[in-house]
$ cat upload38.cif   # mmCIF, C-alpha atoms
data_structure
#
loop_
_atom_site.label_atom_id
_atom_site.label_comp_id
_atom_site.auth_asym_id
_atom_site.auth_seq_id
_atom_site.Cartn_x
_atom_site.Cartn_y
_atom_site.Cartn_z
CA MET A 668 9.03 21.61 -15.32
CA GLU A 669 7.31 23.35 -12.41
CA PRO A 670 8.84 23.11 -8.91
CA ALA A 671 5.67 21.46 -7.55
CA THR A 672 5.94 18.72 -10.17
CA ILE A 673 9.59 18.08 -9.32
CA LEU A 674 8.76 17.97 -5.60
CA ILE A 675 6.01 15.38 -6.11
CA ILE A 676 8.30 13.22 -8.27
CA LEU A 677 11.06 13.26 -5.65
CA ALA A 678 8.59 12.56 -2.85
CA ILE A 679 7.06 9.61 -4.73
CA PHE A 680 10.53 8.18 -5.37
CA ALA A 681 11.43 8.43 -1.66
CA VAL A 682 8.12 6.87 -0.60
CA ALA A 683 8.56 3.98 -3.06
CA VAL A 684 12.08 3.24 -1.78
CA MET A 685 11.05 3.09 1.87
CA TYR A 686 7.77 1.22 1.38
CA SER A 687 9.11 -1.34 -1.08
CA SER A 688 11.93 -2.19 1.34
CA VAL A 689 9.26 -3.81 3.56
CA GLY A 690 7.21 -5.29 0.70
CA HIS A 691 4.64 -2.52 0.40
CA GLY A 692 3.43 -0.68 -2.68
CA GLY A 693 3.38 2.72 -1.01
CA ALA A 694 -0.21 3.80 -1.69
CA SER A 695 -0.68 5.36 1.74
CA GLY A 696 2.53 7.34 1.22
CA TYR A 697 1.44 8.52 -2.23
CA LEU A 698 -1.91 9.52 -0.78
CA ALA A 699 -0.10 11.53 1.89
CA VAL A 700 2.04 13.28 -0.73
CA MET A 701 -1.01 14.16 -2.81
CA ALA A 702 -2.87 15.36 0.28
CA PHE A 703 -0.01 17.72 1.15
CA MET A 704 0.13 18.98 -2.44
CA GLY A 705 -3.61 19.67 -2.55
CA VAL A 706 -4.53 17.02 -5.13
CA THR A 707 -8.30 16.47 -5.11
CA PRO A 708 -9.71 13.25 -3.58
CA GLU A 709 -11.32 12.38 -6.93
CA VAL A 710 -7.82 11.90 -8.33
CA THR A 711 -5.89 10.44 -5.42
CA ARG A 712 -7.51 7.02 -5.07
CA SER A 713 -7.04 5.79 -8.64
CA THR A 714 -3.59 7.40 -8.94
CA ALA A 715 -2.30 5.68 -5.79
CA LEU A 716 -3.58 2.31 -7.02
CA VAL A 717 -1.88 2.72 -10.40
CA LEU A 718 1.44 3.53 -8.72
CA ASN A 719 0.90 0.52 -6.46
CA LEU A 720 0.67 -1.80 -9.46
CA PHE A 721 4.18 -1.01 -10.59
CA VAL A 722 5.90 -0.96 -7.20
CA ALA A 723 4.14 -4.07 -5.87
CA SER A 724 4.98 -6.02 -9.05
CA ILE A 725 8.65 -5.15 -8.69
CA GLY A 726 8.62 -5.94 -4.98
CA LEU A 727 6.92 -9.29 -5.49
CA TYR A 728 9.53 -10.33 -8.05
CA GLN A 729 12.44 -9.31 -5.83
CA PHE A 730 11.15 -11.06 -2.70
CA TRP A 731 9.99 -14.14 -4.63
CA ARG A 732 13.38 -14.45 -6.32
CA ALA A 733 15.06 -14.23 -2.91
CA GLY A 734 12.85 -17.07 -1.64
CA PHE A 735 10.58 -14.95 0.57
CA PHE A 736 7.09 -15.92 -0.57
CA SER A 737 4.54 -18.47 0.63
CA TRP A 738 1.61 -19.49 -1.55
CA ARG A 739 0.07 -21.34 1.42
CA ILE A 740 -0.17 -18.09 3.37
CA PHE A 741 -1.08 -15.88 0.42
CA TRP A 742 -3.98 -17.61 -1.32
CA PRO A 743 -6.72 -17.60 1.38
CA PHE A 744 -6.19 -13.91 2.15
CA ALA A 745 -6.23 -13.06 -1.56
CA LEU A 746 -9.25 -15.26 -2.34
CA SER A 747 -11.58 -13.21 -0.16
CA SER A 748 -9.86 -9.84 -0.49
CA ILE A 749 -10.10 -9.62 -4.29
CA PRO A 750 -13.93 -9.52 -4.57
CA PHE A 751 -14.23 -7.27 -1.52
CA SER A 752 -11.57 -4.90 -2.84
CA PHE A 753 -13.53 -4.75 -6.10
CA LEU A 754 -16.67 -3.96 -4.11
CA GLY A 755 -14.85 -1.31 -2.08
CA GLY A 756 -13.57 0.27 -5.29
CA MET A 757 -17.19 0.71 -6.44
CA ILE A 758 -18.08 2.65 -3.31
CA TYR A 759 -17.78 6.42 -3.61
CA LEU A 760 -17.47 8.05 -0.22
CA PRO A 761 -18.43 11.71 0.27
CA THR A 762 -15.34 13.91 0.41
CA GLN A 763 -15.45 14.59 4.16
CA ILE A 764 -15.98 10.92 5.05
CA TYR A 765 -13.25 9.87 2.62
CA LYS A 766 -10.80 12.34 4.17
CA PHE A 767 -11.63 11.07 7.67
CA VAL A 768 -11.22 7.39 6.71
CA LEU A 769 -8.04 8.10 4.75
CA GLY A 770 -6.62 10.09 7.66
CA GLY A 771 -7.14 7.09 9.91
CA VAL A 772 -5.48 4.77 7.38
CA LEU A 773 -2.44 7.07 7.16
CA MET A 774 -2.10 7.02 10.94
CA VAL A 775 -2.19 3.21 10.93
CA ALA A 776 0.45 3.25 8.20
CA ALA A 777 2.59 5.56 10.32
CA LEU A 778 2.48 3.15 13.24
CA ARG A 779 3.32 0.23 10.96
CA LEU A 780 6.40 1.98 9.58
CA ALA A 781 7.60 3.24 12.96
CA TRP A 782 7.48 -0.12 14.73
CA ARG A 783 10.04 -2.84 14.18
CA LEU A 784 7.81 -5.88 13.79
CA LYS A 785 9.39 -9.30 13.65
CA VAL A 786 8.70 -12.87 14.70
CA ASP A 787 11.23 -14.51 16.99
CA GLY A 788 9.53 -17.84 17.64
CA GLU A 789 8.07 -20.56 15.46
CA THR A 790 5.50 -19.50 12.87
CA ARG A 791 2.38 -21.36 11.81
CA PRO A 792 0.08 -20.53 8.84
CA PRO A 793 -3.41 -19.33 9.89
CA GLN A 794 -6.53 -21.43 9.68
CA ILE A 795 -8.14 -20.92 6.29
CA TRP A 796 -11.44 -19.55 7.60
CA ILE A 797 -9.63 -16.93 9.68
CA ALA A 798 -7.52 -15.87 6.71
CA LEU A 799 -10.64 -15.59 4.55
CA CYS A 800 -12.36 -13.32 7.09
CA VAL A 801 -9.31 -11.12 7.58
CA GLY A 802 -8.75 -10.86 3.83
CA ALA A 803 -12.35 -9.78 3.22
CA VAL A 804 -12.20 -6.97 5.79
CA ILE A 805 -8.84 -5.70 4.55
CA GLY A 806 -9.96 -5.91 0.92
CA LEU A 807 -13.12 -3.87 1.48
CA LEU A 808 -11.33 -1.09 3.35
CA SER A 809 -8.46 -1.06 0.86
CA GLY A 810 -10.77 -0.70 -2.12
CA MET A 811 -12.72 2.12 -0.50
CA VAL A 812 -9.64 4.16 0.38
CA GLY A 813 -7.32 3.36 -2.53
CA VAL A 814 -4.56 1.26 -0.96
CA GLY A 815 -3.42 -2.31 -1.53
CA GLY A 816 -3.85 -3.44 2.05
CA GLY A 817 -0.27 -4.34 2.89
CA ILE A 818 -0.17 -1.86 5.77
CA PHE A 819 -2.88 -3.97 7.42
CA LEU A 820 -1.86 -7.48 6.34
CA THR A 821 1.82 -7.34 7.30
CA PRO A 822 1.24 -6.44 10.98
CA VAL A 823 -1.47 -9.11 11.22
CA LEU A 824 0.85 -11.79 9.80
CA LEU A 825 3.66 -10.84 12.17
CA LEU A 826 1.72 -10.16 15.35
CA ALA A 827 -0.29 -13.39 14.97
CA GLY A 828 2.88 -15.41 14.34
CA TRP A 829 1.68 -16.57 10.93
CA SER A 830 4.83 -15.63 9.03
CA GLU A 831 8.38 -14.49 9.55
CA THR A 832 9.30 -10.94 8.54
CA LYS A 833 10.72 -11.40 5.03
CA THR A 834 8.06 -13.86 3.93
CA ALA A 835 5.39 -11.47 5.23
CA ALA A 836 6.90 -8.79 2.99
CA GLY A 837 6.73 -11.05 -0.07
CA VAL A 838 3.17 -12.15 0.67
CA SER A 839 2.11 -8.54 1.25
CA ALA A 840 3.60 -7.47 -2.10
CA ALA A 841 1.49 -10.07 -3.92
CA PHE A 842 -1.56 -9.16 -1.82
CA ILE A 843 -1.14 -5.47 -2.68
CA LEU A 844 -0.83 -6.25 -6.38
CA VAL A 845 -4.06 -8.24 -6.68
CA ASN A 846 -6.01 -5.84 -4.49
CA SER A 847 -4.83 -2.80 -6.43
CA ILE A 848 -6.01 -4.41 -9.67
CA ALA A 849 -9.36 -5.32 -8.13
CA GLY A 850 -9.79 -1.84 -6.63
CA LEU A 851 -9.13 -0.16 -9.98
CA PHE A 852 -11.66 -2.39 -11.75
CA GLY A 853 -14.12 -1.57 -8.97
CA ASN A 854 -13.56 2.13 -9.67
CA LEU A 855 -14.42 1.55 -13.31
CA ALA A 856 -17.44 -0.63 -12.56
CA GLY A 857 -18.79 2.01 -10.17
CA ASN A 858 -18.75 4.64 -12.92
CA TYR A 859 -15.78 6.24 -11.19
CA ASP A 860 -13.58 7.50 -14.04
CA ALA A 861 -10.44 5.89 -12.67
CA PHE A 862 -8.18 6.48 -15.64
CA GLY A 863 -9.71 9.64 -17.03
CA ARG A 864 -8.99 11.44 -13.76
CA LEU A 865 -5.28 10.57 -13.68
CA PRO A 866 -3.03 13.68 -13.78
CA GLY A 867 -1.18 14.49 -16.98
CA THR A 868 2.19 13.95 -15.29
CA VAL A 869 1.23 10.49 -14.03
CA TRP A 870 3.84 8.80 -16.28
CA LEU A 871 6.59 10.76 -14.56
CA TRP A 872 5.14 9.68 -11.21
CA ILE A 873 5.06 6.06 -12.38
CA ALA A 874 8.69 6.25 -13.49
CA ALA A 875 9.74 7.68 -10.11
CA ALA A 876 7.76 5.00 -8.25
CA ALA A 877 9.16 2.19 -10.42
CA VAL A 878 12.77 3.26 -9.91
CA GLY A 879 12.16 3.70 -6.19
CA GLY A 880 10.52 0.27 -6.06
CA LEU A 881 13.53 -1.33 -7.74
CA VAL A 882 15.92 0.26 -5.26
CA GLY A 883 13.85 -0.37 -2.13
CA SER A 884 12.78 -3.94 -2.88
CA PHE A 885 16.34 -4.92 -3.79
CA LEU A 886 17.61 -3.55 -0.50
CA GLY A 887 14.71 -5.08 1.43
CA ALA A 888 15.21 -8.54 -0.06
CA LYS A 889 18.89 -8.33 0.89
CA ARG A 890 17.93 -7.83 4.56
CA PHE A 891 18.36 -4.08 4.57
CA ASP A 892 16.70 -2.47 7.59
CA SER A 893 15.87 1.21 7.18
CA LEU A 894 14.02 1.69 10.45
CA THR A 895 15.24 5.26 10.98
CA MET A 896 14.19 6.30 7.47
CA ARG A 897 10.81 4.63 7.91
CA ARG A 898 10.25 6.48 11.16
CA VAL A 899 10.88 9.77 9.41
CA LEU A 900 8.27 8.80 6.83
CA ALA A 901 5.94 7.73 9.66
CA VAL A 902 6.03 11.29 11.05
CA VAL A 903 5.08 12.63 7.61
CA LEU A 904 2.18 10.18 7.35
CA LEU A 905 1.02 11.09 10.83
CA PHE A 906 0.91 14.79 10.00
CA ALA A 907 -0.86 14.06 6.72
CA GLY A 908 -3.49 12.01 8.55
CA ILE A 909 -4.04 14.78 11.09
CA LYS A 910 -4.28 17.33 8.28
CA LEU A 911 -6.97 15.31 6.50
CA ILE A 912 -9.06 14.74 9.61
CA PHE A 913 -8.83 18.09 11.38
CA VAL A 914 -8.11 20.68 8.66
#
$ encode --input "upload38.cif" --output "structure tokens"
Amino acid sequence: MEPATILIILAIFAVAVMYSSVGHGGASGYLAVMAFMGVTPEVTRSTALVLNLFVASIGLYQFWRAGFFSWRIFWPFALSSIPFSFLGGMIYLPTQIYKFVLGGVLMVAALRLAWRLKVDGETRPPQIWIALCVGAVIGLLSGMVGVGGGIFLTPVLLLAGWSETKTAAGVSAAFILVNSIAGLFGNLAGNYDAFGRLPGTVWLWIAAAAVGGLVGSFLGAKRFDSLTMRRVLAVVLLFAGIKLIFV
């Protein structure tokens, strides 16, 4: 096995552990790894979504089993995000525009991981029409870039006081799962060869992501706080975003 392949596998495992500990699938982290390793944009979007499916599924199960999930919060965001994520998955952005948009998303992800977001006061679910609007915007952007949208939804839930931290993680895991599925189908519907472009070693990447997701989501559901580790990853994402935009 080539050193580059081993490096990608280890990086994907580390990303999955840290992201799944806060209920995320890790797509922005996988995109950063692939950007550093020179993987072409035609491959990165669908690959990140496939990895998301496995990690988000594991995370959802772990947080749901621990009692950190709210259907009342989840469904209005998901209802509007699914069709818009599908639509975003059909949109093929020119390489330079895609790199610019992705770079911005990675920077947002870096900020999300670096900040300790939590809700100290009483929480209240959002009004349905607001959740529908927010879900649509997040879904469209997520489908276009190749992420599940958790890096956007979690901060919104916490900063708006709509959910406490652990429940936000569980809701985000479910949100990421449905959006990743919709985004992949959008890729296919838009004549974007989502599965034919996957790298030959993708099954090794999936295995690394799945194991990392098991470890991270278990620790996250048990109230593990890896803020220092997440801040290290945030620096990596920040550099990856700068690389995509300016290099």
$ closest_residue --input "upload38.cif" --among "A:Gly696, A:Ala849, A:Gly813, A:Met757" --to "Phe906 of chain A" --atoms "only C-alpha atoms"
A:Gly696
$ resolve_selection --input "upload38.cif" --expression "the PyMOL selection byres ((chain A and resi 708) around 8)" --output "PyMOL selection string"
chain A and resi 706-707+709-712+762+765-766
$ axis_aligned_box --input "upload38.cif" --around "segment 734-753 of chain A" --padding-each-side "3 Å" --output "JSON"
{"center_x": -0.7, "center_y": -13.0, "center_z": -1.4, "size_x": 33.1, "size_y": 22.6, "size_z": 15.5}
$ closest_residue --input "upload38.cif" --among "A:Ala702, A:Thr821, A:Gly693, A:Thr672" --to "Lys910 of chain A" --atoms "only C-alpha atoms"
A:Ala702
$ resolve_selection --input "upload38.cif" --expression "the PyMOL selection byres ((chain A and resi 819) around 12)" --output "ChimeraX atom specification"
/A:691,695,744,772-780,801-809,814-818,820-826,835-836,839,842-843
$ atom_distance --input "upload38.cif" --atom1 "atom CA of Trp829 of chain A" --atom2 "atom CA of Ser687 of chain A"
20.8 Å
$ atom_distance --input "upload38.cif" --atom1 "atom CA of Leu799 of chain A" --atom2 "atom CA of Gly692 of chain A"
21.7 Å
$ resolve_selection --input "upload38.cif" --expression "the PyMOL selection byres ((chain A and resi 871-885) around 10)" --output "number ranges by chain"
A: 672-673, 675-693, 697, 714-715, 717-730, 733, 836-837, 840, 866-870, 886-891, 893
$ write_last_selection --input "upload38.cif" --atoms "C-alpha atoms" --output "PDB file, keeping the file's coordinate frame"
ATOM      1  CA  THR A 672       5.940  18.720 -10.170  1.00  0.00           C
ATOM      2  CA  ILE A 673       9.590  18.080  -9.320  1.00  0.00           C
ATOM      3  CA  ILE A 675       6.010  15.380  -6.110  1.00  0.00           C
ATOM      4  CA  ILE A 676       8.300  13.220  -8.270  1.00  0.00           C
ATOM      5  CA  LEU A 677      11.060  13.260  -5.650  1.00  0.00           C
ATOM      6  CA  ALA A 678       8.590  12.560  -2.850  1.00  0.00           C
ATOM      7  CA  ILE A 679       7.060   9.610  -4.730  1.00  0.00           C
ATOM      8  CA  PHE A 680      10.530   8.180  -5.370  1.00  0.00           C
ATOM      9  CA  ALA A 681      11.430   8.430  -1.660  1.00  0.00           C
ATOM     10  CA  VAL A 682       8.120   6.870  -0.600  1.00  0.00           C
ATOM     11  CA  ALA A 683       8.560   3.980  -3.060  1.00  0.00           C
ATOM     12  CA  VAL A 684      12.080   3.240  -1.780  1.00  0.00           C
ATOM     13  CA  MET A 685      11.050   3.090   1.870  1.00  0.00           C
ATOM     14  CA  TYR A 686       7.770   1.220   1.380  1.00  0.00           C
ATOM     15  CA  SER A 687       9.110  -1.340  -1.080  1.00  0.00           C
ATOM     16  CA  SER A 688      11.930  -2.190   1.340  1.00  0.00           C
ATOM     17  CA  VAL A 689       9.260  -3.810   3.560  1.00  0.00           C
ATOM     18  CA  GLY A 690       7.210  -5.290   0.700  1.00  0.00           C
ATOM     19  CA  HIS A 691       4.640  -2.520   0.400  1.00  0.00           C
ATOM     20  CA  GLY A 692       3.430  -0.680  -2.680  1.00  0.00           C
ATOM     21  CA  GLY A 693       3.380   2.720  -1.010  1.00  0.00           C
ATOM     22  CA  TYR A 697       1.440   8.520  -2.230  1.00  0.00           C
ATOM     23  CA  THR A 714      -3.590   7.400  -8.940  1.00  0.00           C
ATOM     24  CA  ALA A 715      -2.300   5.680  -5.790  1.00  0.00           C
ATOM     25  CA  VAL A 717      -1.880   2.720 -10.400  1.00  0.00           C
ATOM     26  CA  LEU A 718       1.440   3.530  -8.720  1.00  0.00           C
ATOM     27  CA  ASN A 719       0.900   0.520  -6.460  1.00  0.00           C
ATOM     28  CA  LEU A 720       0.670  -1.800  -9.460  1.00  0.00           C
ATOM     29  CA  PHE A 721       4.180  -1.010 -10.590  1.00  0.00           C
ATOM     30  CA  VAL A 722       5.900  -0.960  -7.200  1.00  0.00           C
ATOM     31  CA  ALA A 723       4.140  -4.070  -5.870  1.00  0.00           C
ATOM     32  CA  SER A 724       4.980  -6.020  -9.050  1.00  0.00           C
ATOM     33  CA  ILE A 725       8.650  -5.150  -8.690  1.00  0.00           C
ATOM     34  CA  GLY A 726       8.620  -5.940  -4.980  1.00  0.00           C
ATOM     35  CA  LEU A 727       6.920  -9.290  -5.490  1.00  0.00           C
ATOM     36  CA  TYR A 728       9.530 -10.330  -8.050  1.00  0.00           C
ATOM     37  CA  GLN A 729      12.440  -9.310  -5.830  1.00  0.00           C
ATOM     38  CA  PHE A 730      11.150 -11.060  -2.700  1.00  0.00           C
ATOM     39  CA  ALA A 733      15.060 -14.230  -2.910  1.00  0.00           C
ATOM     40  CA  ALA A 836       6.900  -8.790   2.990  1.00  0.00           C
ATOM     41  CA  GLY A 837       6.730 -11.050  -0.070  1.00  0.00           C
ATOM     42  CA  ALA A 840       3.600  -7.470  -2.100  1.00  0.00           C
ATOM     43  CA  PRO A 866      -3.030  13.680 -13.780  1.00  0.00           C
ATOM     44  CA  GLY A 867      -1.180  14.490 -16.980  1.00  0.00           C
ATOM     45  CA  THR A 868       2.190  13.950 -15.290  1.00  0.00           C
ATOM     46  CA  VAL A 869       1.230  10.490 -14.030  1.00  0.00           C
ATOM     47  CA  TRP A 870       3.840   8.800 -16.280  1.00  0.00           C
ATOM     48  CA  LEU A 886      17.610  -3.550  -0.500  1.00  0.00           C
ATOM     49  CA  GLY A 887      14.710  -5.080   1.430  1.00  0.00           C
ATOM     50  CA  ALA A 888      15.210  -8.540  -0.060  1.00  0.00           C
ATOM     51  CA  LYS A 889      18.890  -8.330   0.890  1.00  0.00           C
ATOM     52  CA  ARG A 890      17.930  -7.830   4.560  1.00  0.00           C
ATOM     53  CA  PHE A 891      18.360  -4.080   4.570  1.00  0.00           C
ATOM     54  CA  SER A 893      15.870   1.210   7.180  1.00  0.00           C
TER      55      SER A 893
END
$ closest_residue --input "upload38.cif" --among "A:Val812, A:Met668, A:Trp782, A:Leu698" --to "Gly853 of chain A" --atoms "all atoms listed in the file"
A:Val812
$ closest_residue --input "upload38.cif" --among "A:Ile848, A:Thr834, A:Arg898, A:Ala671" --to "Gly705 of chain A" --atoms "all atoms listed in the file"
A:Ala671
$ atom_distance --input "upload38.cif" --atom1 "atom CA of Ala827 of chain A" --atom2 "atom CA of Gly756 of chain A"
27.8 Å
$ closest_residue --input "upload38.cif" --among "A:Leu911, A:Leu716, A:Val700, A:Ala745" --to "Cys800 of chain A" --atoms "all atoms listed in the file"
A:Ala745
